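Here is target29.txt, consisting of compact mmCIF, C-alpha atoms and all ligand atoms:
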# COMPACT_ATOMS: atom_id res chain seq x y z
CA MET A 1 0.00 0.00 0.00
CA ASP A 2 1.32 3.41 -0.82
CA ILE A 3 2.13 4.84 2.56
CA THR A 4 5.80 5.30 1.80
CA ASN A 5 5.42 9.07 2.07
CA ALA A 6 3.55 8.88 5.39
CA GLU A 7 4.88 11.02 8.22
CA ILE A 8 7.16 9.35 10.75
CA THR A 9 5.00 7.93 13.52
CA ASN A 10 6.43 9.47 16.66
CA VAL A 11 4.66 11.23 19.52
CA PHE A 12 7.17 14.10 19.29
CA ASN A 13 6.37 14.63 15.60
CA PHE A 14 3.22 16.57 16.46
CA ALA A 15 0.62 17.35 13.80
CA THR A 16 -2.22 18.91 15.82
CA THR A 17 -2.35 21.88 18.21
CA GLN A 18 -3.33 19.42 20.95
CA ALA A 19 -0.31 17.19 20.29
CA LYS A 20 1.93 20.28 20.22
CA ALA A 21 0.65 21.38 23.64
CA ILE A 22 1.38 17.91 25.04
CA VAL A 23 4.86 17.77 23.46
CA ASP A 24 5.75 21.27 24.73
CA LEU A 25 4.70 20.22 28.22
CA ALA A 26 6.71 17.00 27.91
CA TYR A 27 9.85 19.01 27.05
CA ILE A 28 9.37 21.17 30.17
CA HIS A 29 8.90 18.03 32.31
CA ILE A 30 11.92 16.31 30.75
CA GLY A 31 14.03 19.47 31.16
CA ILE A 32 13.22 19.86 34.85
CA CYS A 33 13.68 16.14 35.52
CA LEU A 34 17.07 16.24 33.76
CA LEU A 35 18.06 19.20 35.91
CA PHE A 36 17.13 17.20 39.02
CA LEU A 37 19.02 14.16 37.75
CA VAL A 38 22.18 16.13 36.99
CA THR A 39 22.03 17.99 40.34
CA VAL A 40 21.44 14.90 42.48
CA VAL A 41 23.92 12.65 40.63
CA GLY A 42 26.46 15.51 40.49
CA LEU A 43 26.25 16.29 44.22
CA THR A 44 26.38 12.60 45.12
CA ALA A 45 29.43 12.03 42.92
CA TYR A 46 31.11 15.11 44.37
CA ALA A 47 30.46 13.96 47.94
CA VAL A 48 31.65 10.43 47.23
CA LEU A 49 34.92 11.61 45.69
CA LYS A 50 35.66 14.56 47.94
CA PHE A 51 34.75 13.02 51.29
CA ARG A 52 35.83 9.41 50.77
CA HIS A 53 37.68 7.70 53.61
CA ARG A 54 41.46 8.04 53.53
CA GLU A 55 44.07 6.21 55.59
CA GLY A 56 44.55 7.95 58.93
CA ASP A 57 41.36 10.12 58.71
CA PRO A 58 39.76 10.88 62.07
CA GLU A 59 36.10 9.97 62.76
CA PRO A 60 33.97 12.47 60.76
CA GLU A 61 32.11 15.21 62.63
CA GLN A 62 28.68 13.94 63.73
CA HIS A 63 25.52 15.95 62.89
CA GLU A 64 21.94 15.35 63.81
CA GLY A 65 19.51 17.07 61.47
CA ASN A 66 19.82 20.39 59.67
CA LEU A 67 16.60 22.36 59.74
CA LYS A 68 17.68 24.93 57.14
CA LEU A 69 18.67 22.25 54.61
CA GLU A 70 15.53 20.23 55.26
CA ILE A 71 13.31 23.25 54.64
CA ILE A 72 15.17 24.05 51.41
CA TRP A 73 14.90 20.52 50.00
CA THR A 74 11.24 20.35 50.87
CA VAL A 75 10.18 23.77 49.62
CA ILE A 76 12.05 23.82 46.29
CA PRO A 77 10.69 20.47 45.00
CA THR A 78 7.21 21.38 46.29
CA LEU A 79 7.27 24.59 44.26
CA ILE A 80 8.62 22.83 41.17
CA PHE A 81 6.03 20.06 41.30
CA ALA A 82 3.23 22.54 42.01
CA TYR A 83 4.37 24.46 38.91
CA LEU A 84 4.39 21.24 36.81
CA GLY A 85 1.00 20.26 38.26
CA VAL A 86 -0.59 23.57 37.31
CA LEU A 87 0.96 23.48 33.82
CA THR A 88 -0.31 19.92 33.35
CA GLY A 89 -3.82 20.93 34.45
CA LEU A 90 -3.80 23.83 31.97
CA VAL A 91 -2.69 21.57 29.10
CA MET A 92 -5.32 18.96 30.05
CA TYR A 93 -7.97 21.68 29.90
CA GLN A 94 -6.63 22.98 26.59
CA VAL A 95 -6.62 19.49 25.06
CA ASN A 96 -9.95 18.33 26.54
CA PRO A 97 -12.12 21.45 26.97
CA PRO A 98 -15.82 21.06 27.85
CA VAL A 99 -17.76 19.69 24.87
CA ARG A 100 -21.09 21.29 25.86
CA SER A 101 -23.68 20.87 23.10
CA ARG A 102 -21.20 20.76 20.27
CA GLN A 103 -21.88 18.04 17.70
CA PRO A 104 -19.01 15.86 16.43
CA ASP A 105 -17.49 16.39 12.98
CA LEU A 106 -16.40 12.79 12.70
CA ILE A 107 -17.68 9.69 14.47
CA VAL A 108 -15.06 6.96 14.74
CA THR A 109 -16.29 3.49 15.66
CA GLY A 110 -13.93 0.66 16.47
CA HIS A 111 -15.13 -2.77 15.34
CA GLN A 112 -13.42 -6.13 15.59
CA PHE A 113 -11.13 -5.49 13.60
CA TRP A 114 -11.57 -2.37 11.55
CA TRP A 115 -12.55 1.31 11.86
CA GLU A 116 -15.71 2.98 10.69
CA TYR A 117 -15.67 6.74 9.98
CA LYS A 118 -18.91 8.64 9.72
CA TYR A 119 -19.16 12.35 8.90
CA PRO A 120 -22.54 13.15 10.50
CA LYS A 121 -22.91 16.52 8.75
CA THR A 122 -23.01 14.91 5.29
CA GLY A 123 -23.83 11.31 6.18
CA LEU A 124 -20.67 10.04 4.50
CA VAL A 125 -19.48 6.67 5.82
CA THR A 126 -16.12 5.14 5.05
CA ALA A 127 -13.70 2.69 6.64
CA ASN A 128 -10.10 2.38 7.81
CA GLU A 129 -8.89 5.48 5.98
CA PHE A 130 -10.21 9.00 6.43
CA PHE A 131 -9.61 12.57 5.33
CA ILE A 132 -9.76 15.78 7.38
CA PRO A 133 -9.06 19.40 6.44
CA VAL A 134 -5.93 21.09 7.79
CA ASN A 135 -6.38 23.95 10.33
CA ALA A 136 -9.99 22.99 11.09
CA ASP A 137 -11.09 22.79 14.70
CA LEU A 138 -12.52 19.26 14.76
CA LEU A 139 -14.42 17.25 17.32
CA PHE A 140 -14.18 13.46 17.01
CA GLU A 141 -16.52 11.10 18.79
CA ILE A 142 -14.90 7.75 19.54
CA ARG A 143 -17.15 4.72 19.93
CA GLY A 144 -16.78 0.99 20.34
CA ALA A 145 -19.20 -1.35 18.55
CA ASP A 146 -18.38 -4.60 20.30
CA VAL A 147 -15.48 -4.43 22.76
CA ILE A 148 -13.20 -1.62 23.90
CA HIS A 149 -10.88 -0.28 21.20
CA SER A 150 -8.59 2.72 21.35
CA PHE A 151 -8.12 5.27 18.60
CA TRP A 152 -4.51 6.37 18.43
CA VAL A 153 -2.63 8.32 15.80
CA PRO A 154 0.59 9.16 17.69
CA CYS A 155 1.27 12.37 15.72
CA PHE A 156 -2.22 13.63 16.70
CA GLY A 157 -1.57 13.35 20.43
CA GLN A 158 -3.58 11.47 22.99
CA LYS A 159 -5.22 8.07 22.66
CA MET A 160 -8.96 7.83 23.15
CA ASP A 161 -10.81 4.66 24.10
CA GLY A 162 -13.87 3.59 22.11
CA ILE A 163 -16.09 2.07 24.78
CA PRO A 164 -19.40 0.39 23.85
CA GLY A 165 -22.28 2.50 25.21
CA HIS A 166 -19.99 5.30 26.36
CA PRO A 167 -18.89 7.59 23.50
CA ASN A 168 -15.77 9.66 24.21
CA LYS A 169 -14.86 13.00 22.71
CA LEU A 170 -11.55 14.02 21.20
CA PHE A 171 -10.69 17.53 19.98
CA LEU A 172 -8.18 17.69 17.15
CA LYS A 173 -6.95 20.64 15.16
CA PRO A 174 -4.54 19.36 12.50
CA ILE A 175 -1.75 21.83 11.72
CA LYS A 176 0.28 19.78 9.28
CA LYS A 177 -0.70 18.20 5.96
CA GLY A 178 0.22 14.63 5.12
CA ILE A 179 -0.55 10.98 5.77
CA PHE A 180 -0.49 9.96 9.42
CA LEU A 181 -0.60 6.36 10.58
CA GLY A 182 -2.24 5.01 13.68
CA GLN A 183 -3.29 1.79 15.28
CA CYS A 184 -5.84 0.45 17.74
CA ALA A 185 -4.17 0.79 21.13
CA GLU A 186 -6.35 -1.39 23.34
CA TYR A 187 -6.17 -5.16 23.06
CA CYS A 188 -9.45 -6.20 21.44
CA GLY A 189 -8.98 -9.73 20.14
CA ASP A 190 -7.12 -11.85 17.58
CA GLN A 191 -6.50 -9.13 15.06
CA HIS A 192 -5.97 -6.17 17.41
CA GLY A 193 -2.57 -5.71 15.79
CA LEU A 194 -4.16 -5.26 12.37
CA MET A 195 -6.52 -2.39 13.11
CA ARG A 196 -4.48 0.22 11.32
CA ILE A 197 -5.54 3.82 10.85
CA ILE A 198 -4.64 5.90 7.80
CA ALA A 199 -5.39 9.61 8.36
CA ASN A 200 -5.03 12.04 5.46
CA VAL A 201 -4.77 15.73 6.38
CA VAL A 202 -5.36 17.84 3.27
CA GLU A 203 -6.25 21.40 2.17
CA PRO A 204 -9.91 22.25 2.88
CA LYS A 205 -10.70 22.43 -0.84
CA ASP A 206 -9.19 18.96 -1.38
CA PHE A 207 -11.19 17.69 1.57
CA GLU A 208 -14.39 19.02 -0.02
CA LYS A 209 -13.44 17.39 -3.31
CA TRP A 210 -12.78 14.08 -1.56
CA GLN A 211 -16.03 14.30 0.39
CA GLN A 212 -18.06 15.03 -2.75
CA SER A 213 -16.42 12.15 -4.62
CA GLN A 214 -17.15 9.80 -1.71
CA LEU A 215 -20.79 10.89 -1.56
CA LYS A 216 -21.32 10.10 -5.23
CA VAL A 217 -23.48 7.06 -5.88
CA PRO A 218 -21.46 4.85 -8.26
CA ALA A 219 -22.91 4.08 -11.71
CA ALA A 220 -24.25 0.57 -12.29
CA PRO A 221 -21.65 -1.80 -13.78
CA ASN A 222 -21.74 -2.03 -17.55
CA ASP A 223 -19.38 -4.83 -18.53
CA GLU A 224 -19.90 -8.57 -18.17
CA ALA A 225 -17.36 -9.33 -15.45
CA ALA A 226 -18.50 -6.42 -13.25
CA LYS A 227 -22.18 -7.32 -13.73
CA HIS A 228 -21.41 -10.90 -12.81
CA GLY A 229 -19.47 -9.64 -9.78
CA GLN A 230 -22.40 -7.52 -8.64
CA GLU A 231 -24.80 -10.46 -9.02
CA LEU A 232 -22.55 -12.63 -6.89
CA PHE A 233 -22.14 -9.85 -4.33
CA MET A 234 -25.91 -9.46 -3.99
CA SER A 235 -26.70 -13.18 -3.95
CA ARG A 236 -23.90 -14.53 -1.77
CA THR A 237 -23.27 -13.60 1.86
CA CYS A 238 -21.40 -10.33 1.03
CA VAL A 239 -24.63 -8.35 1.06
CA GLN A 240 -25.48 -9.40 4.60
CA CYS A 241 -22.57 -7.45 6.09
CA HIS A 242 -21.47 -4.75 3.64
CA ALA A 243 -23.11 -1.64 2.20
CA ILE A 244 -22.73 -0.15 -1.28
CA ALA A 245 -24.57 3.12 -2.02
CA GLY A 246 -27.22 2.91 -4.71
CA THR A 247 -27.69 -0.85 -4.35
CA ALA A 248 -29.68 -3.21 -2.13
CA ALA A 249 -26.59 -3.68 0.05
CA THR A 250 -27.15 -1.58 3.18
CA ALA A 251 -25.77 -3.68 6.05
CA ARG A 252 -23.47 -1.92 8.51
CA VAL A 253 -21.81 -4.93 10.10
CA ALA A 254 -18.63 -4.67 8.01
CA PRO A 255 -16.90 -1.84 6.11
CA ASP A 256 -18.88 0.24 3.62
CA LEU A 257 -17.52 -0.70 0.20
CA THR A 258 -19.04 2.12 -1.90
CA HIS A 259 -15.66 3.68 -2.70
CA LEU A 260 -13.38 0.84 -1.71
CA ALA A 261 -11.37 1.43 -4.89
CA ASP A 262 -10.10 4.75 -3.48
CA ARG A 263 -8.57 3.20 -0.36
CA LYS A 264 -4.92 2.31 -0.04
CA SER A 265 -5.31 -0.94 1.84
CA ILE A 266 -7.54 -3.97 2.30
CA GLY A 267 -8.45 -5.40 5.71
CA ALA A 268 -7.48 -2.29 7.76
CA GLY A 269 -3.88 -2.20 6.62
CA VAL A 270 -3.22 -5.87 5.84
CA ILE A 271 -2.40 -5.73 2.11
CA ALA A 272 -2.25 -3.10 -0.64
CA ASN A 273 -5.52 -2.48 -2.41
CA ASN A 274 -5.41 -3.76 -5.99
CA LEU A 275 -7.44 -6.18 -8.10
CA GLU A 276 -5.14 -9.16 -7.57
CA ASN A 277 -4.92 -8.73 -3.79
CA LEU A 278 -8.64 -8.06 -3.44
CA SER A 279 -9.49 -11.25 -5.40
CA GLN A 280 -7.24 -13.28 -3.08
CA TRP A 281 -8.69 -11.55 -0.01
CA ILE A 282 -12.28 -12.27 -1.09
CA LYS A 283 -11.37 -15.89 -1.79
CA ASP A 284 -9.85 -16.46 1.64
CA PRO A 285 -9.60 -13.51 4.05
CA GLN A 286 -8.59 -15.87 6.86
CA LYS A 287 -5.31 -16.49 5.04
CA PHE A 288 -4.41 -12.80 5.48
CA LYS A 289 -6.17 -11.98 8.73
CA PRO A 290 -6.89 -15.12 10.75
CA GLY A 291 -9.68 -14.52 13.23
CA CYS A 292 -11.36 -11.66 11.34
CA TYR A 293 -15.12 -12.00 10.94
CA MET A 294 -15.14 -12.36 7.16
CA PRO A 295 -15.42 -16.08 6.46
CA LYS A 296 -13.90 -18.06 3.63
CA MET A 297 -16.59 -17.89 0.95
CA MET A 298 -15.90 -21.08 -1.04
CA LEU A 299 -15.77 -19.07 -4.25
CA THR A 300 -14.00 -20.14 -7.41
CA GLU A 301 -11.03 -18.12 -8.65
CA ARG A 302 -13.24 -16.62 -11.37
CA GLU A 303 -16.05 -15.68 -8.96
CA ALA A 304 -13.65 -14.01 -6.51
CA HIS A 305 -12.06 -12.13 -9.40
CA ASP A 306 -15.40 -10.87 -10.71
CA ILE A 307 -16.52 -9.63 -7.28
CA ALA A 308 -13.17 -7.87 -6.83
CA TYR A 309 -13.43 -6.45 -10.36
CA TYR A 310 -16.93 -5.12 -9.59
CA LEU A 311 -15.74 -3.47 -6.36
CA GLU A 312 -12.58 -1.99 -7.89
CA ASN A 313 -14.67 -0.40 -10.66
CA LEU A 314 -17.21 1.39 -8.47
CA LYS A 315 -16.59 5.04 -9.26
CU1 LIG B 401 -9.32 -2.76 18.27
CU2 LIG B 401 -7.40 -3.34 19.51
In structure tokens, what does this structure look like?
Ligand code: CUA
Amino acid sequence: MDITNAEITNVFNFATTQAKAIVDLAYIHIGICLLFLVTVVGLTAYAVLKFRHREGDPEPEQHEGNLKLEIIWTVIPTLIFAYLGVLTGLVMYQVNPPVRSRQPDLIVTGHQFWWEYKYPKTGLVTANEFFIPVNADLLFEIRGADVIHSFWVPCFGQKMDGIPGHPNKLFLKPIKKGIFLGQCAEYCGDQHGLMRIIANVVEPKDFEKWQQSQLKVPAAPNDEAAKHGQELFMSRTCVQCHAIAGTAATARVAPDLTHLADRKSIGAGVIANNLENLSQWIKDPQKFKPGCYMPKMMLTEREAHDIAYYLENLK
């Protein structure tokens, strides 16, 4: 799959204002902790070297307590940690402000083992890969359909759990364009490791273009193989789980396949999306993603090819 130009996945490589706030805070914490480390290790090393026992030394002077010192080493750390505590509280508030009655811009639902993305303002539904406009103040709602999942794109900042029956909110304002990769971050079953996230941050006008193209109802197939593929899709079990706009397929159990052809990967990041791979996937998804809920369909090579051909030609 073509994610070679994706951004490096690293929590310090921030791509949202929220992630930047967290990274800035982390640098302050790391800086102060380093200062402590250097001071404590330095003073200890100095004392060990300077005051070590030498042949013929008398018994050292005996002290019992030092009120001045004790006050200093209690007050200074208290002030430093109070400062860090207040800063942390401010960043937490900045990253998770009150939601009030604001409606989400994107609803993310974790399923075993894929992601559903719904844009409630337009009704657009897609899977595993999504687009958002750069510099937009976005509110995500994170849900879980079956068990607890966790939505995590490291460059975007914090993780957010998708808990069944308890939607969580996540504010994100992307400040950098590009492809950002993520992954489910809460163990959710066999294929937890293959719940990849591909996030595309693009110019607002490109986002609009993408959204309009995704909302388009694809034309009916017009060549033999694609027609045959559609027939198979509607008569075999495919139709019981998947949806394709403009057809009788409306189930929401598995990914919406209306514009599958536009996605980079199959099976939430398992293999690159092309006709050959999709045919093989349809024939035996368990070979690629053992434990996923798409069964082996007992299709012939030709049937699997025609279904894949139909799906790859939905425009
Ligand atoms: Cu979904 Cu781990």
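The smallest atom-to-atom distance between Asn200 (chain A) and any of A:Val40, A:Ile3, A:Met92, A:Ile244, using all atoms listed in the file, is found for A:Ile3.
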Please identify every polymer residue within 12 Å of ligand LIG 401 (chain B), using only C-alpha atoms and all ligand atoms, and present the set as a ChimeraX atom specification. /A:108-116,128,142-152,160-164,182-197,268,292
Kindly indicate which residue among A:Leu37, A:Leu275, A:Leu138, A:Ala245 lies nearest to Lys169 (chain A), using all atoms listed in the file for the distances.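 Once distances to Lys169 (chain A) are computed over all atoms listed in the file, the minimum belongs to A:Leu138.
For Lys176 (chain A), the non-local neighbours within 10 Å, defined as residues at least 3 positions apart in the same chain or in other chains and counting all atoms listed in the file, are Glu7, Phe14, Ala15, Thr16, Thr17, Pro133, Val134, Asn135, Cys155, Phe156, Lys173, Ile179, Phe180, Val201, Val202 and Glu203 of chain A.
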Could you name the residues that touch Thr247 (chain A) at 12 Å or less, counting all atoms listed in the file, but leaving out those on the same chain fewer than 4 positions away, as a ChimeraX atom specification? /A:217-221,230-231,233-234,239,242-243,251,256-258,314
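The space between CA of Pro97 (chain A) and CA of Trp210 (chain A) spans 29.5 Å.
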Measuring atom to atom with all atoms listed in the file, identify which of A:His53, A:His305, A:His259, A:Lys289 is nearest to Leu215 (chain A). A:His259
What separation in Å, quoted to one decimal, exists between CA of Phe171 (chain A) and CA of Asp105 (chain A)? 9.8 Å
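The interatomic distance for the pair CA of Val11 (chain A) and CA of Ile32 (chain A) works out to 19.6 Å.
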So which residues are close to (-19.4, 12.7, 9.9), meaning at most 10 Å away in the file's coordinates with only C-alpha atoms counted, and can you show them as a ChimeraX atom specification? /A:103-108,117-126,140-141
I need the residue nearest Gly178 (chain A) from this list: A:Tyr293, A:Tyr27, A:Tyr310, A:Phe131. Use all atoms listed in the file for the distance.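 With all atoms listed in the file as the atom set, the closest residue is A:Phe131.
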Pick the closest to Lys177 (chain A) from A:Leu43, A:Thr88, A:Leu79, A:Asp206: which is it, counting only C-alpha atoms?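 Smallest distance to Lys177 (chain A) is found for A:Asp206.
Closest to Lys216 (chain A) among A:Gly157, A:Gly246, A:Arg263, A:Gly85 is A:Gly246, based on all atoms listed in the file.
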Repair of region 59-77 of chain A at the level of N, CA, C and O atoms, as a short mmCIF file (atom, residue, chain, number, x, y, z; two decimals), in the frame of the given file:
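Produced file out_14.cif, reproduced below:
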data_model
loop_
_atom_site.label_atom_id
_atom_site.label_comp_id
_atom_site.auth_asym_id
_atom_site.auth_seq_id
_atom_site.Cartn_x
_atom_site.Cartn_y
_atom_site.Cartn_z
N GLU A 59 37.57 10.15 62.86
CA GLU A 59 36.10 9.97 62.76
C GLU A 59 35.49 11.26 62.21
O GLU A 59 35.87 12.35 62.68
N PRO A 60 34.57 11.22 61.24
CA PRO A 60 33.97 12.47 60.76
C PRO A 60 33.12 13.13 61.85
O PRO A 60 32.65 12.46 62.77
N GLU A 61 32.95 14.45 61.69
CA GLU A 61 32.11 15.21 62.63
C GLU A 61 30.70 14.65 62.58
O GLU A 61 30.19 14.34 61.49
N GLN A 62 30.03 14.51 63.71
CA GLN A 62 28.68 13.94 63.73
C GLN A 62 27.63 15.06 63.81
O GLN A 62 27.75 15.98 64.60
N HIS A 63 26.61 14.97 62.89
CA HIS A 63 25.52 15.95 62.89
C HIS A 63 24.21 15.23 63.15
O HIS A 63 24.07 14.08 62.76
N GLU A 64 23.28 15.93 63.72
CA GLU A 64 21.94 15.35 63.81
C GLU A 64 20.93 16.36 63.31
O GLU A 64 20.60 17.31 64.01
N GLY A 65 20.51 16.17 62.05
CA GLY A 65 19.51 17.07 61.47
C GLY A 65 20.10 18.41 61.08
O GLY A 65 21.14 18.82 61.60
N ASN A 66 19.42 19.06 60.11
CA ASN A 66 19.82 20.39 59.67
C ASN A 66 18.56 21.06 59.17
O ASN A 66 18.14 20.86 58.03
N LEU A 67 17.93 21.83 60.03
CA LEU A 67 16.60 22.36 59.74
C LEU A 67 16.60 23.19 58.46
O LEU A 67 15.72 23.06 57.62
N LYS A 68 17.62 24.03 58.30
CA LYS A 68 17.68 24.93 57.14
C LYS A 68 17.68 24.10 55.84
O LYS A 68 16.87 24.32 54.94
N LEU A 69 18.58 23.10 55.80
CA LEU A 69 18.67 22.25 54.61
C LEU A 69 17.35 21.53 54.35
O LEU A 69 16.87 21.45 53.22
N GLU A 70 16.76 21.01 55.43
CA GLU A 70 15.53 20.23 55.26
C GLU A 70 14.39 21.09 54.71
O GLU A 70 13.60 20.64 53.88
N ILE A 71 14.34 22.34 55.17
CA ILE A 71 13.31 23.25 54.64
C ILE A 71 13.58 23.51 53.16
O ILE A 71 12.67 23.41 52.33
N ILE A 72 14.83 23.76 52.81
CA ILE A 72 15.17 24.05 51.41
C ILE A 72 14.79 22.87 50.51
O ILE A 72 14.12 23.03 49.49
N TRP A 73 15.18 21.63 50.92
CA TRP A 73 14.90 20.52 50.00
C TRP A 73 13.46 20.01 50.08
O TRP A 73 13.09 19.07 49.44
N THR A 74 12.67 20.64 50.91
CA THR A 74 11.24 20.35 50.87
C THR A 74 10.52 21.41 50.05
O THR A 74 9.66 21.11 49.21
N VAL A 75 10.90 22.68 50.27
CA VAL A 75 10.18 23.77 49.62
C VAL A 75 10.45 23.83 48.12
O VAL A 75 9.52 23.96 47.31
N ILE A 76 11.73 23.69 47.72
CA ILE A 76 12.05 23.82 46.29
C ILE A 76 11.32 22.75 45.45
O ILE A 76 10.61 23.09 44.51
N PRO A 77 11.43 21.46 45.79
CA PRO A 77 10.69 20.47 45.00
C PRO A 77 9.18 20.69 45.04
O PRO A 77 8.48 20.49 44.04
#
